[in-house]
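Trainee: Okay, here's the structure, questions in a sec.
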Amino acid sequence: MKNVHKLTEGAILLALMAALILISIYVPILGPIVNIAIPLPFILFSVKNNVKMITAFFVAAIFISFMVTSLRGLAVMLIYGAAGVVIGYMIQKKKSRNVILIASSLTFLVGIIIFYIASDAFFQLNIIHELQTSINESVKHSEELLKAQGQEDQIKLIKEQGALMFKQITVIAPTALVFAAVFSSFVTQWISFPILKRFGIEVQPWGSFRNLSLPKSILWYYLIALGVMLLFHPHEGTYLYTVLINVRAILESLIILQGLAFLFYIFHQRSVAKGLGVLVVILTFMIPIVRYIIMILGITDLGFDFRKQFEKKE
């Protein structure tokens, strides 16, 4: 009887998964939004079953998604389904939300990378090349408008800006992939976890953002990356330059996150209105000088335990 119940539940969730993938592929406006809900059936099944049952469910999902949408739907299912399995299994093992976020982000990242490699190898679909083509078309359209307006002197500037944009995008692409993976994981949890609670599934709560404390090793990694850049001055286009730029961007983002958490902690201690914290977050992403100040706060908190000193003064 128990096995019959599991089979029925699995069949319902597989049907839900198939419906979500069909909407994702064939409904243009809803597609990108529905993608984030695809992990939900996998989470619901993985949170209650053992590895053997989860594997069988995933294999069935591969078969069904290929049958209903061919390779395109299969790629979507593999990326979001694998993340859903990881999240569900982590919940079953009572892991913290931070661990779930890291594990599912890595799963999304690996899935995106494999999808990119497979697209280039089997379908000659190079995303970077497509992006370059899109930028070139945009530049060409701008040239035509400038010629029509008699501003030929601006064409050279437009071409240089287009080339610079493409170079910057290709250099920072790894960082963009990491951020996309983390964002996808966070939004998936944000949508799925309230639904899981409705089904009576216990989910570990997030800790308060103000109490966030990242590993102090992040500061050392950041200083090492800066030191290597200053000592070796790698040229643009080299492998070392690309690695250091991306490592620096990711570590700076983490330090900014730590700085914001530290600032929110101070605001909480001083009973400052939450609206001010929201304003600071907005300004951090809009004004460079504010971003640097927040980075200094993050470095101070990571390197000197300034928060603990603040607690003693309280």
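By order in the structure tokens, chains are A, B, ...; within a chain, residues start at 1; ligands start at 1, following the order shown.
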Tell me which protein, DNA and RNA residues are within 9 Å of Leu263 in chain A, counting only C-alpha atoms, leaving out same-chain ones fewer than 5 positions away, and put them as a PyMOL selection string.
Mentor: chain A and resi 210+258+268+277+294+297-298
Trainee: Store the residues picked out above in a file with all heavy atoms, as an mmCIF file, in the first residue's frame.
Mentor:
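Generated file (out39.cif):
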```cif
data_model
loop_
_atom_site.group_PDB
_atom_site.id
_atom_site.type_symbol
_atom_site.label_atom_id
_atom_site.label_comp_id
_atom_site.auth_asym_id
_atom_site.auth_seq_id
_atom_site.Cartn_x
_atom_site.Cartn_y
_atom_site.Cartn_z
ATOM 1 N N ARG A 210 21.459 40.515 9.511
ATOM 2 C CA ARG A 210 22.421 41.302 10.285
ATOM 3 C C ARG A 210 23.442 40.424 11.011
ATOM 4 O O ARG A 210 24.512 40.894 11.391
ATOM 5 C CB ARG A 210 21.687 42.188 11.297
ATOM 6 C CG ARG A 210 20.901 41.422 12.348
ATOM 7 C CD ARG A 210 20.235 42.349 13.333
ATOM 8 N NE ARG A 210 19.466 41.623 14.340
ATOM 9 C CZ ARG A 210 18.204 41.264 14.196
ATOM 10 N NH1 ARG A 210 17.566 41.579 13.074
ATOM 11 N NH2 ARG A 210 17.574 40.595 15.149
ATOM 12 N N GLN A 258 29.022 41.347 3.382
ATOM 13 C CA GLN A 258 29.411 41.385 4.789
ATOM 14 C C GLN A 258 29.286 42.796 5.359
ATOM 15 O O GLN A 258 28.824 42.987 6.478
ATOM 16 C CB GLN A 258 30.847 40.891 4.948
ATOM 17 C CG GLN A 258 31.356 40.842 6.383
ATOM 18 C CD GLN A 258 30.682 39.745 7.190
ATOM 19 O OE1 GLN A 258 30.464 38.650 6.700
ATOM 20 N NE2 GLN A 258 30.335 40.042 8.432
ATOM 21 N N HIS A 268 20.341 47.855 13.806
ATOM 22 C CA HIS A 268 19.481 47.120 14.744
ATOM 23 C C HIS A 268 19.831 47.483 16.186
ATOM 24 O O HIS A 268 18.928 47.685 17.019
ATOM 25 C CB HIS A 268 19.648 45.620 14.529
ATOM 26 C CG HIS A 268 18.863 44.788 15.495
ATOM 27 N ND1 HIS A 268 17.500 44.643 15.410
ATOM 28 C CD2 HIS A 268 19.247 44.056 16.586
ATOM 29 C CE1 HIS A 268 17.072 43.869 16.394
ATOM 30 N NE2 HIS A 268 18.112 43.496 17.117
ATOM 31 N N GLY A 277 18.111 51.276 6.034
ATOM 32 C CA GLY A 277 18.908 50.158 5.544
ATOM 33 C C GLY A 277 18.606 49.840 4.094
ATOM 34 O O GLY A 277 19.514 49.577 3.297
ATOM 35 N N ILE A 294 30.969 50.734 1.967
ATOM 36 C CA ILE A 294 30.432 49.459 2.459
ATOM 37 C C ILE A 294 31.514 48.373 2.414
ATOM 38 O O ILE A 294 31.610 47.532 3.316
ATOM 39 C CB ILE A 294 29.209 49.026 1.626
ATOM 40 C CG1 ILE A 294 28.078 50.054 1.764
ATOM 41 C CG2 ILE A 294 28.721 47.645 2.064
ATOM 42 C CD1 ILE A 294 27.566 50.235 3.170
ATOM 43 N N LEU A 297 33.680 48.765 5.390
ATOM 44 C CA LEU A 297 33.000 48.219 6.564
ATOM 45 C C LEU A 297 33.112 46.691 6.589
ATOM 46 O O LEU A 297 33.352 46.089 7.640
ATOM 47 C CB LEU A 297 31.527 48.631 6.566
ATOM 48 C CG LEU A 297 31.210 50.083 6.923
ATOM 49 C CD1 LEU A 297 29.714 50.342 6.772
ATOM 50 C CD2 LEU A 297 31.662 50.405 8.338
ATOM 51 N N GLY A 298 32.941 46.071 5.412
ATOM 52 C CA GLY A 298 33.046 44.620 5.332
ATOM 53 C C GLY A 298 34.440 44.133 5.664
ATOM 54 O O GLY A 298 34.608 43.142 6.394
#
```
Trainee: CA of Val76 in chain A to CA of Gly200 in chain A: how many Å, to one decimal?
Mentor: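 Here the two named atoms are 28.1 Å from each other.
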Trainee: Quick one: residues within 9 Å of range 279-288 of chain A, only C-alpha atoms, excluding same-chain residues fewer than 5 positions away - as a list in words?
Mentor: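 The residues that qualify are Ile256, Leu260, Lys274, Ile293 and Ile294 of chain A.
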Trainee: Do you have the CA of Arg72 in chain A-CA of Thr170 in chain A distance handy?
Mentor: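 Spanning CA of Arg72 in chain A to CA of Thr170 in chain A is a straight-line distance of 24.8 Å.
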Trainee: Between A:Leu231, A:Glu236, A:Gly10, A:Leu106, which has the minimum distance to Val86 in chain A (counting only C-alpha atoms)?
Mentor: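 Between A:Leu231, A:Glu236, A:Gly10, A:Leu106, the residue approaching Val86 in chain A most closely is A:Leu106.
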Trainee: Show which residues sit within 10 Å of Ile21 in chain A, as an MDAnalysis selection string. Count only C-alpha atoms, and ignore same-chain residues fewer than 6 positions away.
Mentor: chainID A and resid 15 27 31 34:35 37:38 65 68:69 72:74 76:77
Trainee: Write the residues you've just listed into a file as a short mmCIF file (atom, residue, chain, number, x, y, z; two decimals), in the first residue's frame, and include C-alpha atoms for each of them.
Mentor:
```cif
data_model
loop_
_atom_site.label_atom_id
_atom_site.label_comp_id
_atom_site.auth_asym_id
_atom_site.auth_seq_id
_atom_site.Cartn_x
_atom_site.Cartn_y
_atom_site.Cartn_z
CA ALA A 15 2.76 15.18 -14.58
CA VAL A 27 4.58 30.06 -23.62
CA GLY A 31 8.32 30.66 -19.75
CA VAL A 34 7.79 29.16 -14.77
CA ASN A 35 11.40 27.91 -15.02
CA ALA A 37 8.99 26.53 -10.37
CA ILE A 38 10.31 23.45 -12.22
CA SER A 65 10.67 15.53 -20.65
CA VAL A 68 7.05 15.79 -24.58
CA THR A 69 9.55 18.51 -25.56
CA ARG A 72 15.23 21.60 -25.40
CA GLY A 73 12.90 20.51 -22.61
CA LEU A 74 15.39 17.86 -21.53
CA VAL A 76 15.78 22.66 -18.91
CA MET A 77 14.69 19.66 -16.86
#
```
Trainee: Leu226 in chain A: which residues within 12 Å, counting only C-alpha atoms, same-chain residues fewer than 3 positions away excluded, as a PyMOL selection string?
Mentor: chain A and resi 219-223+229-234+241+243-249+251-252
Trainee: Mind dumping the selected residues with C-alpha atoms as a PDB file, in the first residue's frame?
Mentor:
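Output below, filename again17.pdb:
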```pdb
ATOM      1  CA  LEU A 219      39.547  38.642   3.141  1.00  0.00           C
ATOM      2  CA  TRP A 220      42.846  36.789   2.712  1.00  0.00           C
ATOM      3  CA  TYR A 221      41.820  35.495  -0.698  1.00  0.00           C
ATOM      4  CA  TYR A 222      40.906  39.039  -1.709  1.00  0.00           C
ATOM      5  CA  LEU A 223      44.245  40.431  -0.544  1.00  0.00           C
ATOM      6  CA  MET A 229      47.498  41.763  -9.797  1.00  0.00           C
ATOM      7  CA  LEU A 230      49.863  44.424  -8.433  1.00  0.00           C
ATOM      8  CA  LEU A 231      52.962  42.218  -8.651  1.00  0.00           C
ATOM      9  CA  PHE A 232      52.468  40.582 -12.042  1.00  0.00           C
ATOM     10  CA  HIS A 233      50.319  43.162 -13.892  1.00  0.00           C
ATOM     11  CA  PRO A 234      48.711  40.523 -16.156  1.00  0.00           C
ATOM     12  CA  TYR A 241      43.995  38.325 -16.056  1.00  0.00           C
ATOM     13  CA  VAL A 243      40.880  34.546 -13.530  1.00  0.00           C
ATOM     14  CA  LEU A 244      41.981  37.418 -11.280  1.00  0.00           C
ATOM     15  CA  ILE A 245      39.301  39.807 -12.536  1.00  0.00           C
ATOM     16  CA  ASN A 246      36.558  37.270 -11.878  1.00  0.00           C
ATOM     17  CA  VAL A 247      37.924  36.172  -8.507  1.00  0.00           C
ATOM     18  CA  ARG A 248      38.213  39.793  -7.452  1.00  0.00           C
ATOM     19  CA  ALA A 249      34.644  40.586  -8.582  1.00  0.00           C
ATOM     20  CA  LEU A 251      35.177  38.335  -3.495  1.00  0.00           C
ATOM     21  CA  GLU A 252      34.323  42.036  -3.602  1.00  0.00           C
TER      22      GLU A 252
END
```
